[in-house]
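**Q** mmCIF, C-alpha atoms, saved as coords_30.cif, coming up:
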```cif
data_coords
#
loop_
_atom_site.label_atom_id
_atom_site.label_comp_id
_atom_site.auth_asym_id
_atom_site.auth_seq_id
_atom_site.Cartn_x
_atom_site.Cartn_y
_atom_site.Cartn_z
CA MET A 1 0.00 0.00 0.00
CA THR A 2 1.44 3.39 -0.95
CA ALA A 3 1.17 6.55 1.11
CA ALA A 4 -1.45 7.87 -1.32
CA GLN A 5 -3.62 4.78 -0.79
CA ARG A 6 -3.51 4.83 3.00
CA ILE A 7 -6.67 5.23 4.95
CA GLU A 8 -5.90 7.64 7.77
CA LEU A 9 -7.80 7.15 11.01
CA ASP A 10 -8.76 9.88 13.44
CA PRO A 11 -6.87 9.17 16.71
CA GLN A 12 -9.72 10.75 18.67
CA LEU A 13 -11.97 7.96 17.39
CA ALA A 14 -9.47 5.14 16.89
CA TRP A 15 -7.34 5.55 20.00
CA CYS A 16 -8.95 7.75 22.67
CA HIS A 17 -11.15 6.16 25.33
CA PRO A 18 -14.51 7.65 26.27
CA GLY A 19 -13.89 10.93 28.11
CA GLU A 20 -10.33 11.17 26.79
CA GLN A 21 -9.48 14.16 24.59
CA LEU A 22 -6.81 14.31 21.88
CA LEU A 23 -4.83 17.49 22.59
CA ALA A 24 -2.01 17.45 20.01
CA ARG A 25 -0.59 15.35 17.23
CA ALA A 26 2.58 15.72 15.17
CA ARG A 27 4.02 13.66 12.33
CA PRO A 28 7.68 14.30 11.50
CA ALA A 29 8.14 16.13 8.21
CA GLY A 30 11.91 15.75 8.26
CA HIS A 31 14.72 14.37 10.36
CA ILE A 32 15.01 14.44 14.13
CA GLY A 33 18.33 15.35 15.69
CA SER A 34 19.44 14.69 19.24
CA THR A 35 21.82 15.82 21.92
CA ILE A 36 22.19 12.96 24.39
CA ALA A 37 24.72 13.16 27.21
CA GLY A 38 26.46 15.93 25.28
CA GLU A 39 26.70 13.95 22.04
CA THR A 40 24.97 15.49 19.03
CA THR A 41 23.61 13.26 16.26
CA ALA A 42 21.72 14.44 13.19
CA PRO A 43 19.87 12.56 11.90
CA HIS A 44 19.19 10.84 15.24
CA ARG A 45 20.22 7.15 15.50
CA PRO A 46 17.67 5.06 17.43
CA ARG A 47 19.20 3.76 20.68
CA THR A 48 16.49 1.23 21.49
CA THR A 49 14.69 -1.52 19.63
CA THR A 50 11.94 -0.12 17.44
CA PRO A 51 9.19 -1.68 15.33
CA GLU A 52 9.86 -1.81 11.61
CA ALA A 53 8.07 0.66 9.39
CA THR A 54 6.00 -0.85 6.60
CA GLU A 55 7.27 1.67 4.06
CA PRO A 56 10.65 3.26 3.40
CA PRO A 57 10.93 6.85 4.70
CA PRO A 58 10.02 9.55 2.20
CA PRO A 59 13.05 10.91 0.32
CA ALA A 60 14.56 13.92 2.06
CA PRO A 61 17.79 15.91 1.94
CA LEU A 62 20.34 15.29 4.67
CA PRO A 63 21.17 17.98 7.26
CA THR A 64 23.74 20.66 6.51
CA LYS A 65 27.33 19.74 7.34
CA ALA A 66 27.42 22.06 10.36
CA VAL A 67 24.37 20.37 11.92
CA ALA A 68 25.37 16.82 10.94
CA GLU A 69 28.82 17.31 12.49
CA GLY A 70 27.48 19.04 15.61
CA ARG A 71 29.39 22.23 14.74
CA PHE A 72 26.74 24.69 15.86
CA HIS A 73 25.69 26.67 18.92
CA ASP A 74 22.40 26.83 20.83
CA ASP A 75 19.34 26.01 18.66
CA GLU A 76 20.97 26.75 15.30
CA TRP A 77 19.79 23.32 14.09
CA ALA A 78 16.34 24.91 13.78
CA HIS A 79 17.60 26.84 10.73
CA ASP A 80 18.20 23.56 8.89
CA PRO A 81 15.21 22.88 6.59
CA SER A 82 15.82 19.12 6.74
CA ILE A 83 15.36 18.99 10.52
CA TRP A 84 11.86 18.65 11.98
CA GLY A 85 12.68 18.26 15.64
CA TRP A 86 15.31 17.71 18.31
CA ALA A 87 15.57 15.56 21.43
CA TYR A 88 17.57 16.60 24.50
CA ALA A 89 18.51 14.18 27.26
CA ASP A 90 21.28 13.51 29.74
CA GLU A 91 21.27 9.79 28.99
CA PRO A 92 19.80 7.39 26.37
CA GLY A 93 17.18 5.89 28.70
CA ARG A 94 15.07 9.06 28.83
CA LEU A 95 11.57 9.52 27.45
CA ALA A 96 12.52 12.08 24.79
CA VAL A 97 15.06 9.60 23.37
CA ARG A 98 12.48 6.81 23.26
CA LEU A 99 10.08 9.10 21.37
CA ALA A 100 12.85 10.22 19.00
CA ASP A 101 13.79 6.56 18.38
CA LEU A 102 10.24 5.65 17.37
CA LEU A 103 9.55 8.78 15.35
CA THR A 104 12.83 8.24 13.49
CA ALA A 105 12.16 4.56 12.81
CA GLY A 106 8.65 5.33 11.61
CA ARG A 107 9.37 8.53 9.69
CA GLY A 108 6.54 9.09 7.28
CA GLU A 109 4.21 6.80 9.24
CA ALA A 110 4.56 7.36 12.97
CA THR A 111 2.71 10.17 14.72
CA LEU A 112 3.28 11.64 18.18
CA LEU A 113 -0.02 11.84 20.07
CA ILE A 114 -0.79 13.70 23.28
CA SER A 115 -4.17 13.16 24.90
CA SER A 116 -5.62 14.22 28.22
CA ARG A 117 -4.49 10.86 29.64
CA ARG A 118 -1.72 9.41 27.48
CA LEU A 119 1.33 10.16 25.39
CA ALA A 120 1.93 7.82 22.44
CA VAL A 121 3.66 7.14 19.18
CA ALA A 122 1.35 5.38 16.78
CA ARG A 123 0.85 4.55 13.15
CA THR A 124 -2.39 6.34 12.49
CA HIS A 125 -3.38 4.73 9.22
CA GLN A 126 -5.24 1.45 8.98
CA PRO A 127 -4.53 -0.79 10.84
CA PHE A 128 -4.06 1.74 13.69
CA THR A 129 -1.01 0.50 15.62
CA VAL A 130 0.29 1.90 18.89
CA TRP A 131 4.08 1.57 19.10
CA PHE A 132 4.54 3.17 22.47
CA GLU A 133 2.35 4.58 25.19
CA ALA A 134 2.99 6.33 28.51
CA ASP A 135 1.05 8.22 31.15
CA VAL A 136 0.67 11.85 30.11
CA ARG A 137 1.72 12.91 33.61
CA HIS A 138 5.29 12.49 32.32
CA VAL A 139 4.69 15.78 30.48
CA ARG A 140 5.67 18.66 32.75
CA ALA A 141 5.40 21.59 30.30
CA VAL A 142 4.54 22.33 26.69
CA ARG A 143 5.59 25.75 25.43
CA PRO A 144 5.62 27.50 22.02
CA PHE A 145 8.83 28.90 20.52
CA GLY A 146 9.56 30.79 17.31
CA LEU A 147 12.43 31.46 14.98
CA LEU A 148 12.99 33.58 11.89
CA THR A 149 15.10 31.70 9.34
CA ALA A 150 16.67 32.94 6.11
CA ASP A 151 13.42 32.57 4.19
CA ARG A 152 10.54 32.01 6.62
CA SER A 153 9.24 32.19 10.17
CA LEU A 154 8.95 28.86 12.00
CA ASP A 155 7.09 27.89 15.15
CA PHE A 156 8.05 25.01 17.45
CA LEU A 157 6.56 23.22 20.44
CA ARG A 158 8.80 22.09 23.28
CA ALA A 159 7.63 19.33 25.62
CA ASP A 160 9.58 18.94 28.85
CA PHE A 161 9.31 15.59 30.59
CA ALA A 162 9.52 14.59 34.25
CA ASP A 163 12.87 12.81 33.71
CA GLY A 164 14.50 16.08 32.58
CA SER A 165 14.53 15.24 28.88
CA ALA A 166 12.79 17.38 26.24
CA LEU A 167 11.51 17.07 22.70
CA VAL A 168 11.20 20.07 20.38
CA TRP A 169 9.33 19.85 17.09
CA ASN A 170 8.15 22.07 14.28
CA ALA A 171 4.47 22.92 14.82
CA PRO A 172 2.88 25.52 12.53
CA ARG A 173 0.10 26.13 15.10
CA ALA A 174 2.40 26.05 18.12
CA ARG A 175 0.67 28.81 20.08
CA LYS A 176 -2.78 27.24 19.81
CA GLU A 177 -1.54 23.69 20.45
CA ALA A 178 0.53 24.76 23.46
CA LYS A 179 -2.50 26.42 24.98
CA THR A 180 -4.72 23.39 24.23
CA VAL A 181 -2.24 21.00 25.87
CA ARG A 182 -1.56 23.28 28.82
CA VAL A 183 -5.24 23.79 29.54
CA GLY A 184 -6.09 20.12 28.85
CA LEU A 185 -3.43 18.87 31.27
CA GLY A 186 -3.89 21.65 33.82
CA LEU A 187 -0.22 22.66 33.56
CA MET B 1 20.03 24.75 -16.34
CA THR B 2 19.34 26.52 -13.04
CA GLU B 3 21.87 27.03 -10.23
CA PRO B 4 21.40 24.42 -7.44
CA ARG B 5 19.61 25.83 -4.42
CA ARG B 6 21.87 26.79 -1.53
CA LEU B 7 20.92 27.72 2.01
CA GLY B 8 21.76 31.20 3.32
CA GLY B 9 21.33 32.66 6.80
CA ILE B 10 22.73 31.44 10.10
CA LEU B 11 23.89 27.98 8.98
CA ALA B 12 25.68 29.44 5.94
CA LEU B 13 27.50 31.79 8.33
CA ARG B 14 28.22 28.93 10.71
CA GLU B 15 29.65 26.67 8.00
CA THR B 16 31.61 29.15 5.91
CA TRP B 17 32.30 32.27 7.97
CA CYS B 18 32.25 31.73 11.76
CA ARG B 19 35.13 30.55 13.88
CA PRO B 20 34.31 27.38 15.84
CA ASP B 21 34.01 29.16 19.19
CA GLU B 22 32.19 32.17 17.77
CA LYS B 23 28.61 32.62 18.95
CA ILE B 24 26.17 34.38 16.62
CA LEU B 25 24.10 36.73 18.78
CA TRP B 26 21.89 37.98 15.96
CA CYS B 27 21.72 38.78 12.27
CA CYS B 28 19.66 41.48 10.61
CA ASP B 29 18.65 41.78 6.97
CA GLY B 30 20.69 44.61 5.50
CA ALA B 31 18.11 45.77 3.00
CA LYS B 32 17.42 49.49 2.66
CA PRO B 33 18.92 51.25 5.69
CA ARG B 34 17.30 54.59 6.58
CA PHE B 35 19.62 57.59 6.75
CA ASP B 36 18.98 60.12 9.50
CA VAL B 37 21.83 62.38 8.40
CA PRO B 38 21.83 66.09 7.44
CA LYS B 39 21.85 66.74 3.68
CA ALA B 40 20.87 63.13 2.91
CA ASN B 41 17.42 61.84 2.02
CA PRO B 42 16.05 58.94 4.14
CA ASP B 43 17.12 56.55 1.37
CA GLY B 44 20.67 57.91 1.50
CA THR B 45 20.58 59.89 -1.72
CA THR B 46 21.78 63.48 -1.53
CA GLY B 47 20.31 66.56 -3.21
CA ARG B 48 16.74 67.72 -3.45
CA LYS B 49 14.08 65.46 -4.80
CA PRO B 50 10.85 66.68 -6.39
CA GLY B 51 8.46 67.44 -3.55
CA SER B 52 11.24 67.31 -0.96
CA ALA B 53 10.18 70.66 0.51
CA ILE B 54 6.76 69.21 1.30
CA MET B 55 8.26 65.99 2.68
CA GLY B 56 10.68 68.06 4.77
CA ALA B 57 7.81 70.08 6.23
CA ILE B 58 5.96 66.86 7.06
CA ALA B 59 9.07 65.46 8.74
CA VAL B 60 9.53 68.63 10.80
CA ALA B 61 5.85 68.59 11.77
CA ASP B 62 6.24 64.94 12.76
CA PHE B 63 9.03 65.89 15.14
CA LEU B 64 7.04 68.72 16.67
CA ILE B 65 3.52 67.43 17.16
CA SER B 66 2.32 64.82 19.58
CA ASP B 67 1.81 61.16 18.67
CA ASP B 68 -1.95 61.58 19.00
CA ALA B 69 -2.28 64.14 16.27
CA ASP B 70 -3.16 63.00 12.81
CA THR B 71 -1.19 64.62 10.03
CA GLY B 72 -3.28 62.95 7.37
CA ASN B 73 -0.09 61.29 6.07
CA GLY B 74 0.81 57.76 7.11
CA PRO B 75 4.06 57.45 9.06
CA PRO B 76 6.98 55.80 7.25
CA THR B 77 7.42 52.06 7.62
CA THR B 78 9.65 51.21 10.56
CA PRO B 79 13.06 50.57 9.03
CA ALA B 80 15.26 47.61 9.97
CA VAL B 81 18.36 49.81 10.25
CA ILE B 82 18.87 53.56 10.85
CA ALA B 83 22.20 55.33 10.36
CA SER B 84 22.49 58.64 12.25
CA GLY B 85 25.33 61.11 12.38
CA PRO B 86 26.47 64.69 11.75
CA ASN B 87 27.15 64.26 8.02
CA VAL B 88 27.25 61.73 5.20
CA HIS B 89 30.94 61.05 5.84
CA CYS B 90 30.46 59.79 9.41
CA GLU B 91 31.30 56.17 10.23
CA ALA B 92 27.67 54.98 10.55
CA ALA B 93 26.67 56.50 7.19
CA ARG B 94 29.79 55.11 5.52
CA LEU B 95 28.99 51.59 6.77
CA ALA B 96 25.32 51.92 5.80
CA TYR B 97 26.22 53.06 2.27
CA THR B 98 28.60 50.11 1.92
CA ALA B 99 25.93 47.70 3.17
CA ALA B 100 23.26 49.20 0.91
CA ALA B 101 25.41 48.43 -2.11
CA GLU B 102 24.87 44.66 -1.90
CA PRO B 103 22.37 42.30 -0.25
CA GLY B 104 23.67 40.77 2.95
CA LEU B 105 23.30 40.47 6.71
CA TRP B 106 24.46 42.62 9.61
CA VAL B 107 25.88 40.14 12.10
CA LEU B 108 26.76 40.56 15.76
CA THR B 109 28.80 37.70 17.21
CA SER B 110 30.67 37.14 20.44
CA GLN B 111 33.79 38.34 18.60
CA ARG B 112 32.86 40.94 15.96
CA PHE B 113 30.25 43.14 14.35
CA ALA B 114 30.18 42.68 10.59
CA TYR B 115 28.30 43.01 7.36
CA VAL B 116 28.39 39.69 5.56
CA ALA B 117 27.37 38.96 1.98
CA PRO B 118 27.38 35.84 -0.19
CA VAL B 119 30.54 35.10 -2.15
CA PRO B 120 29.62 35.94 -5.75
CA ALA B 121 28.77 32.82 -7.74
CA PRO B 122 30.95 32.14 -10.78
CA GLU B 123 29.45 33.28 -14.05
CA PRO B 124 27.29 30.48 -15.44
CA PRO B 125 28.18 29.33 -18.94
CA PRO B 126 26.02 30.98 -21.60
CA LEU B 127 22.84 29.08 -22.33
CA PRO B 128 22.50 27.64 -25.80
CA GLN B 129 20.16 29.87 -27.78
CA GLU B 130 16.84 28.20 -28.28
CA ARG B 131 15.30 29.29 -31.50
CA GLY B 132 11.83 29.20 -32.85
CA LEU B 133 8.46 29.04 -31.15
CA LEU B 134 9.18 25.72 -29.39
CA GLY B 135 12.37 27.11 -27.86
CA LYS B 136 10.59 30.22 -26.60
CA LEU B 137 7.77 28.13 -25.13
CA ARG B 138 10.27 25.83 -23.39
CA SER B 139 12.10 28.80 -21.89
CA LYS B 140 8.80 30.37 -20.76
CA ALA B 141 7.70 27.06 -19.16
CA GLU B 142 11.01 26.91 -17.24
CA SER B 143 10.48 30.46 -15.91
CA VAL B 144 6.93 29.64 -14.81
CA ARG B 145 8.09 26.42 -13.12
CA THR B 146 10.82 28.29 -11.25
CA PHE B 147 8.33 30.97 -10.16
CA VAL B 148 5.71 28.46 -8.96
CA THR B 149 8.08 26.10 -7.12
CA GLY B 150 10.37 28.84 -5.76
CA GLY B 151 13.29 27.37 -7.66
CA PRO B 152 14.93 23.98 -7.36
CA GLY B 153 14.59 22.08 -4.10
CA PHE B 154 17.36 20.43 -2.11
CA THR B 155 18.50 17.03 -3.34
CA ALA B 156 17.20 14.00 -1.41
CA GLY B 157 19.95 11.92 0.18
CA GLU B 158 22.55 14.69 0.02
CA PRO B 159 23.54 17.27 2.64
CA ILE B 160 21.86 20.64 2.13
CA PRO B 161 24.51 22.90 0.55
CA VAL B 162 25.06 26.40 1.91
CA ARG B 163 25.99 29.62 0.14
CA ALA B 164 29.55 30.65 1.05
CA GLN B 165 29.71 33.98 2.91
CA ARG B 166 32.38 36.68 3.22
CA SER B 167 32.86 39.82 5.31
CA VAL B 168 32.14 43.06 3.44
CA PHE B 169 33.53 44.81 6.53
CA GLU B 170 33.97 43.88 10.16
CA LEU B 171 34.57 45.81 13.36
CA HIS B 172 36.03 44.58 16.61
CA GLY B 173 35.87 45.72 20.23
CA GLY B 174 37.09 49.33 20.63
CA GLN B 175 35.77 50.36 17.22
CA PHE B 176 32.17 50.52 18.47
CA THR B 177 30.13 50.46 21.68
CA ALA B 178 26.91 48.52 22.10
CA ALA B 179 24.62 51.02 23.83
CA GLY B 180 21.70 48.64 24.38
CA ALA B 181 18.05 48.82 23.40
CA ALA B 182 15.81 51.88 23.57
CA ILE B 183 12.43 53.03 22.28
CA ARG B 184 12.77 55.47 19.40
CA GLU B 185 9.89 57.94 19.64
CA ARG B 186 10.89 60.34 16.85
CA PRO B 187 10.41 60.30 13.97
CA ARG B 188 7.21 58.30 14.07
CA PHE B 189 7.14 55.01 12.20
CA THR B 190 4.36 52.51 11.56
CA ASP B 191 5.16 50.91 14.92
CA PRO B 192 4.15 53.38 17.63
CA LYS B 193 7.01 52.59 20.01
CA PRO B 194 9.65 50.68 18.08
CA VAL B 195 12.61 49.34 20.05
CA PHE B 196 16.03 49.75 18.45
CA GLU B 197 19.38 48.35 19.54
CA LYS B 198 22.03 51.05 19.22
CA PHE B 199 25.72 50.89 18.28
CA VAL B 200 27.85 54.00 18.78
CA PHE B 201 31.04 54.54 16.79
CA THR B 202 34.15 56.46 17.79
CA ASP B 203 32.99 59.62 15.95
CA GLY B 204 29.66 59.58 17.84
CA SER B 205 27.58 58.42 14.87
CA THR B 206 25.17 55.53 15.46
CA LEU B 207 23.58 52.54 13.79
CA GLU B 208 20.27 51.37 15.23
CA PHE B 209 18.66 47.98 14.55
CA HIS B 210 14.92 47.41 14.94
CA THR B 211 14.26 44.61 17.44
CA GLY B 212 10.55 44.80 18.19
CA PRO B 213 8.14 45.67 19.58
CA GLY B 214 6.13 42.97 21.26
CA GLY B 215 6.76 39.30 21.94
CA GLY B 216 7.33 36.66 19.37
CA VAL B 217 9.80 36.56 16.53
CA PRO B 218 11.26 40.03 15.86
CA ARG B 219 11.01 41.03 12.24
CA HIS B 220 14.24 41.31 10.21
CA ARG B 221 16.18 39.44 12.87
CA LEU B 222 17.69 35.94 12.80
CA THR B 223 18.92 34.36 16.01
CA GLY B 224 20.57 31.12 16.96
CA ARG B 225 18.11 30.56 19.79
CA LEU B 226 14.45 29.64 19.73
CA LEU B 227 12.49 32.52 21.21
CA PRO B 228 9.55 31.92 23.59
CA LEU B 229 6.22 32.89 22.03
CA ASP B 230 3.25 34.37 23.80
CA GLU B 231 0.32 31.93 23.56
CA GLN B 232 -2.07 34.85 23.12
CA ASP B 233 -0.09 36.66 20.44
CA LYS B 234 -1.33 35.80 16.97
CA GLY B 235 1.54 37.64 15.22
#
```
Could you quickly redo this structure as C-alpha cells?
**A**
Amino acid sequence: MTAAQRIELDPQLAWCHPGEQLLARARPAGHIGSTIAGETTAPHRPRTTTPEATEPPPPAPLPTKAVAEGRFHDDEWAHDPSIWGWAYADEPGRLAVRLADLLTAGRGEATLLISSRRLAVARTHQPFTVWFEADVRHVRAVRPFGLLTADRSLDFLRADFADGSALVWNAPRARKEAKTVRVGLGL
Amino acid sequence: MTEPRRLGGILALRETWCRPDEKILWCCDGAKPRFDVPKANPDGTTGRKPGSAIMGAIAVADFLISDDADTGNGPPTTPAVIASGPNVHCEAARLAYTAAAEPGLWVLTSQRFAYVAPVPAPEPPPLPQERGLLGKLRSKAESVRTFVTGGPGFTAGEPIPVRAQRSVFELHGGQFTAAGAAIRERPRFTDPKPVFEKFVFTDGSTLEFHTGPGGGVPRHRLTGRLLPLDEQDKG
C-alpha cells in the first residue's frame, strides 16, 4: 500500500477512550536530531529496539554539514530545513530519546499523540497500531517557541518531561496547540 | 540549467564564515537602511528630490507634534536599520552606504560586528540559444516552473549545501560600543514605540537595529536561539 492509498484514522476515534481528549498530534516532516549526554547526532540514530516501518521513509535531503557534524551553537539546528525536531537528554534511557527513536524509525508513518491521559507514538493509518504509550503525567510543560530563518518564520513546540529530557518539534500552530495542551493537562 | 539551491542565513555563516568558538548573537537583513543624516534623504541619496520641501515640512511637523495628532499622512514604515550622524561622511553612514550596495546580513557575534554577503557565484556558462516558437515556449515554461516552485529544491539523500559567505567589513571591540536597546519615539514610524538596539562609533555616529516591539519573533532578525512565544499573540 502506498502513502497515497492509505486510509488515515482519526486518533480521537481510533485511539482515545470515552472521556479522553486528543490534545495534540505531530508527524515528523523531516529528520530528528538529538543531543544525548552531550553527544549530538543528526539525523538521530535510534538507541532502542523499534518496530519496523511498513514503508521506506520519504526521500529527504540530509542535514547541513554544520548540523550533521554538531558544529553549531544553541538552537541553530532549527535553521536547517531538513530537521523537523530535536531531542535533549542527559542519557539514552530518557523519554525524549524513546520518542525520538520511534519517530525516526517510523518517519513518514509514525505520529506523536498527546491526549488528556496518554502520550503515544502510533501509526495512524489502517490498521491503527500503537508503538509506544505512557502516562501523560510524564509531560511537565509544553511551550511554544519561534524562529525567523533565512526565508521564513517557523514555530516550534517544546515538551519537557519529568525525567528532565525534552523534545522540540516544528508545529505551525504552536501557540494554539501549546495552549490546548496546557489547559487540557492543567499545567 | 538553473543554479542548485543553496541555504543562506545562520547555517551558511556557521559553516563558511564563523570561527568554531564564535557565537552568533543575531543577524539582521541589510536591506534598505534609513539615513537620518543632514543633507541626505532617508534613502541615502543626496540633493533635493521633487516634492522634498513638502516631505521636509511633514518630517519637521512629525518631530514637533504629539503622537496623538493625525497629520493625514501615514508614518513611514519602521526601518530595519537607521544610520544617524552629523554628516554623510560619518562612520555609521559610511557603513550603511557600503551595506546598501549589496544584499547581505548585519551580524553581531561574540567576537565581531560585521556586514556579511554571499561570495559571488561564478558566471554560469552561456545558455545555448533556443530558436523558434518551441524554444521560446520551453524557456517560458522553465520560468513559470521556477516561479511556482520557488526554484529547485534540495537534493534528497545529500547534505543541504550552503551559500559561502564573506565579510564586506567587520569591526572589533574598541571600534564601536553597544549602547543597548531603547524606544525610538521620533520620527514616528508605523510601529508606535519601536525598540532599536544602538551601536555607537568612535565619531559619535550611530547605527540602530529594529528589534521589536512585542513578543514573538522580531522582524528582520535571525537568532541562533528559539524565542519563547506568547500563547495569546497571533503575530
**Q** In Å to one decimal, how far is atom CA of B:Val162 from atom CA of B:Arg6?
**A**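 Interatomic distance here is 4.7 Å.
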**Q** Report, as JSON, the centre and edge lengths in Å (one decimal) of the axis-aligned box enclosing every listed atom of stretch 145-158 of chain A, padded by 8 Å on each side.
**A**
```
{"center_x": 11.6, "center_y": 27.8, "center_z": 13.7, "size_x": 26.1, "size_y": 27.5, "size_z": 35.1}
```
**Q** Please write the residues picked by the PyMOL selection byres ((chain B) within 6 of (chain A)) on this file as a ChimeraX atom specification.
**A** /B:9,15,155-160,217,222,224-229,231
**Q** Here's the selection I'm unsure about, the PyMOL selection byres ((chain B and resi 178) around 12); applied to the file above, which residues does it give, as an MDAnalysis selection string?
**A** chainID B and resid 108 112:113 171:177 179:182 196:202 206:209
**Q** Which polymer residues, whether protein, DNA or RNA, lie within 8 Å of the coordinate (7.6, 6.7, 14.9) when you count only C-alpha atoms? List them as an mmCIF file with C-alpha atoms, in the frame of the given file, using the chain letters and numbers from the file.
**A**
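Result written to selection13.cif:
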```cif
data_model
loop_
_atom_site.group_PDB
_atom_site.id
_atom_site.type_symbol
_atom_site.label_atom_id
_atom_site.label_comp_id
_atom_site.auth_asym_id
_atom_site.auth_seq_id
_atom_site.Cartn_x
_atom_site.Cartn_y
_atom_site.Cartn_z
ATOM 1 C CA LEU A 99 10.080 9.100 21.370
ATOM 2 C CA ALA A 100 12.850 10.220 19.000
ATOM 3 C CA ASP A 101 13.790 6.560 18.380
ATOM 4 C CA LEU A 102 10.240 5.650 17.370
ATOM 5 C CA LEU A 103 9.550 8.780 15.350
ATOM 6 C CA THR A 104 12.830 8.240 13.490
ATOM 7 C CA ALA A 105 12.160 4.560 12.810
ATOM 8 C CA GLY A 106 8.650 5.330 11.610
ATOM 9 C CA ARG A 107 9.370 8.530 9.690
ATOM 10 C CA GLU A 109 4.210 6.800 9.240
ATOM 11 C CA ALA A 110 4.560 7.360 12.970
ATOM 12 C CA THR A 111 2.710 10.170 14.720
ATOM 13 C CA LEU A 112 3.280 11.640 18.180
ATOM 14 C CA VAL A 121 3.660 7.140 19.180
ATOM 15 C CA ALA A 122 1.350 5.380 16.780
ATOM 16 C CA ARG A 123 0.850 4.550 13.150
ATOM 17 C CA TRP A 131 4.080 1.570 19.100
#
```
**Q** Evaluate the PyMOL selection byres ((chain B and resi 106) around 9) against this structure - the residues, as a list in words, please.
**A**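 Given this file, the PyMOL selection byres ((chain B and resi 106) around 9) evaluates to Trp26, Cys27, Cys28, Asp29, Gly30, Ala99, Gly104, Leu105, Val107, Leu108, Phe113, Ala114, Tyr115, Val116 and Ala117 of chain B.
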**Q** Expressed in Å to a single decimal, how great is the separation between atom CA of A:Leu9 and atom CA of A:Gly108?
**A**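 Distance reported for this atom pair: 14.9 Å.
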**Q** In Å, how far is it from atom CA of B:Ala31 to atom CA of B:Thr45?
**A**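 Value for the atom CA of B:Ala31-atom CA of B:Thr45 distance: 15.1 Å.
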**Q** Could you give me, as JSON, numbers by chain, the residues within 10 Å of A:Ala162, counting only C-alpha atoms and dropping anything in the same chain fewer than 4 positions from it?
**A** {"A": [94, 95, 137, 138, 139, 140, 141, 166]}
**Q** Using only C-alpha atoms, find the one residue out of B:Glu123, B:Glu170, B:Asp230, B:Asp43 that sits nearest to B:Pro76.
**A** B:Asp43
**Q** Applying 9 Å and all atoms listed in the file, which residues near B:Ala93 remain after dropping the ones on its own chain fewer than 5 positions away? List them as a list in words.
**A**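 Result of the neighbour search: Phe35, Asp36, Val37, Gly44, Ala83, Ser84, Gly85, Asn87, Val88, Thr98, Ser205, Thr206 and Leu207 of chain B.
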**Q** A:Arg27, A:Arg152, A:His17, A:Arg98: which is nearest A:Thr124, counting all atoms listed in the file?
**A** A:Arg27
**Q** Generate the coordinates of N, CA and C atoms for stretch 126-137 of chain A; report them as a PDB file, in the coordinates of the input.
**A**
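Writing done, so here's rebuild-v7.pdb:
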```pdb
ATOM      1  N   GLN A 126      -4.706   2.789   8.748  1.00  0.00           N
ATOM      2  CA  GLN A 126      -5.240   1.450   8.980  1.00  0.00           C
ATOM      3  C   GLN A 126      -4.193   0.349   8.685  1.00  0.00           C
ATOM      4  N   PRO A 127      -3.937  -0.627   9.525  1.00  0.00           N
ATOM      5  CA  PRO A 127      -4.530  -0.790  10.840  1.00  0.00           C
ATOM      6  C   PRO A 127      -3.832   0.110  11.874  1.00  0.00           C
ATOM      7  N   PHE A 128      -4.600   0.832  12.674  1.00  0.00           N
ATOM      8  CA  PHE A 128      -4.060   1.740  13.690  1.00  0.00           C
ATOM      9  C   PHE A 128      -3.210   0.933  14.678  1.00  0.00           C
ATOM     10  N   THR A 129      -1.920   1.278  14.788  1.00  0.00           N
ATOM     11  CA  THR A 129      -1.010   0.500  15.620  1.00  0.00           C
ATOM     12  C   THR A 129      -0.290   1.401  16.601  1.00  0.00           C
ATOM     13  N   VAL A 130      -0.412   1.100  17.873  1.00  0.00           N
ATOM     14  CA  VAL A 130       0.290   1.900  18.890  1.00  0.00           C
ATOM     15  C   VAL A 130       1.662   1.272  19.118  1.00  0.00           C
ATOM     16  N   TRP A 131       2.707   2.059  18.929  1.00  0.00           N
ATOM     17  CA  TRP A 131       4.080   1.570  19.100  1.00  0.00           C
ATOM     18  C   TRP A 131       4.596   1.788  20.520  1.00  0.00           C
ATOM     19  N   PHE A 132       4.056   2.819  21.133  1.00  0.00           N
ATOM     20  CA  PHE A 132       4.540   3.170  22.470  1.00  0.00           C
ATOM     21  C   PHE A 132       3.477   4.008  23.156  1.00  0.00           C
ATOM     22  N   GLU A 133       3.353   3.813  24.459  1.00  0.00           N
ATOM     23  CA  GLU A 133       2.350   4.580  25.190  1.00  0.00           C
ATOM     24  C   GLU A 133       2.857   4.835  26.609  1.00  0.00           C
ATOM     25  N   ALA A 134       2.590   6.006  27.132  1.00  0.00           N
ATOM     26  CA  ALA A 134       2.990   6.330  28.510  1.00  0.00           C
ATOM     27  C   ALA A 134       1.943   7.250  29.118  1.00  0.00           C
ATOM     28  N   ASP A 135       1.966   7.326  30.435  1.00  0.00           N
ATOM     29  CA  ASP A 135       1.050   8.220  31.150  1.00  0.00           C
ATOM     30  C   ASP A 135       1.413   9.667  30.804  1.00  0.00           C
ATOM     31  N   VAL A 136       0.395  10.463  30.521  1.00  0.00           N
ATOM     32  CA  VAL A 136       0.670  11.850  30.110  1.00  0.00           C
ATOM     33  C   VAL A 136       1.230  12.675  31.262  1.00  0.00           C
ATOM     34  N   ARG A 137       1.161  12.149  32.484  1.00  0.00           N
ATOM     35  CA  ARG A 137       1.720  12.910  33.610  1.00  0.00           C
ATOM     36  C   ARG A 137       3.248  13.015  33.530  1.00  0.00           C
TER      37      ARG A 137
END
```
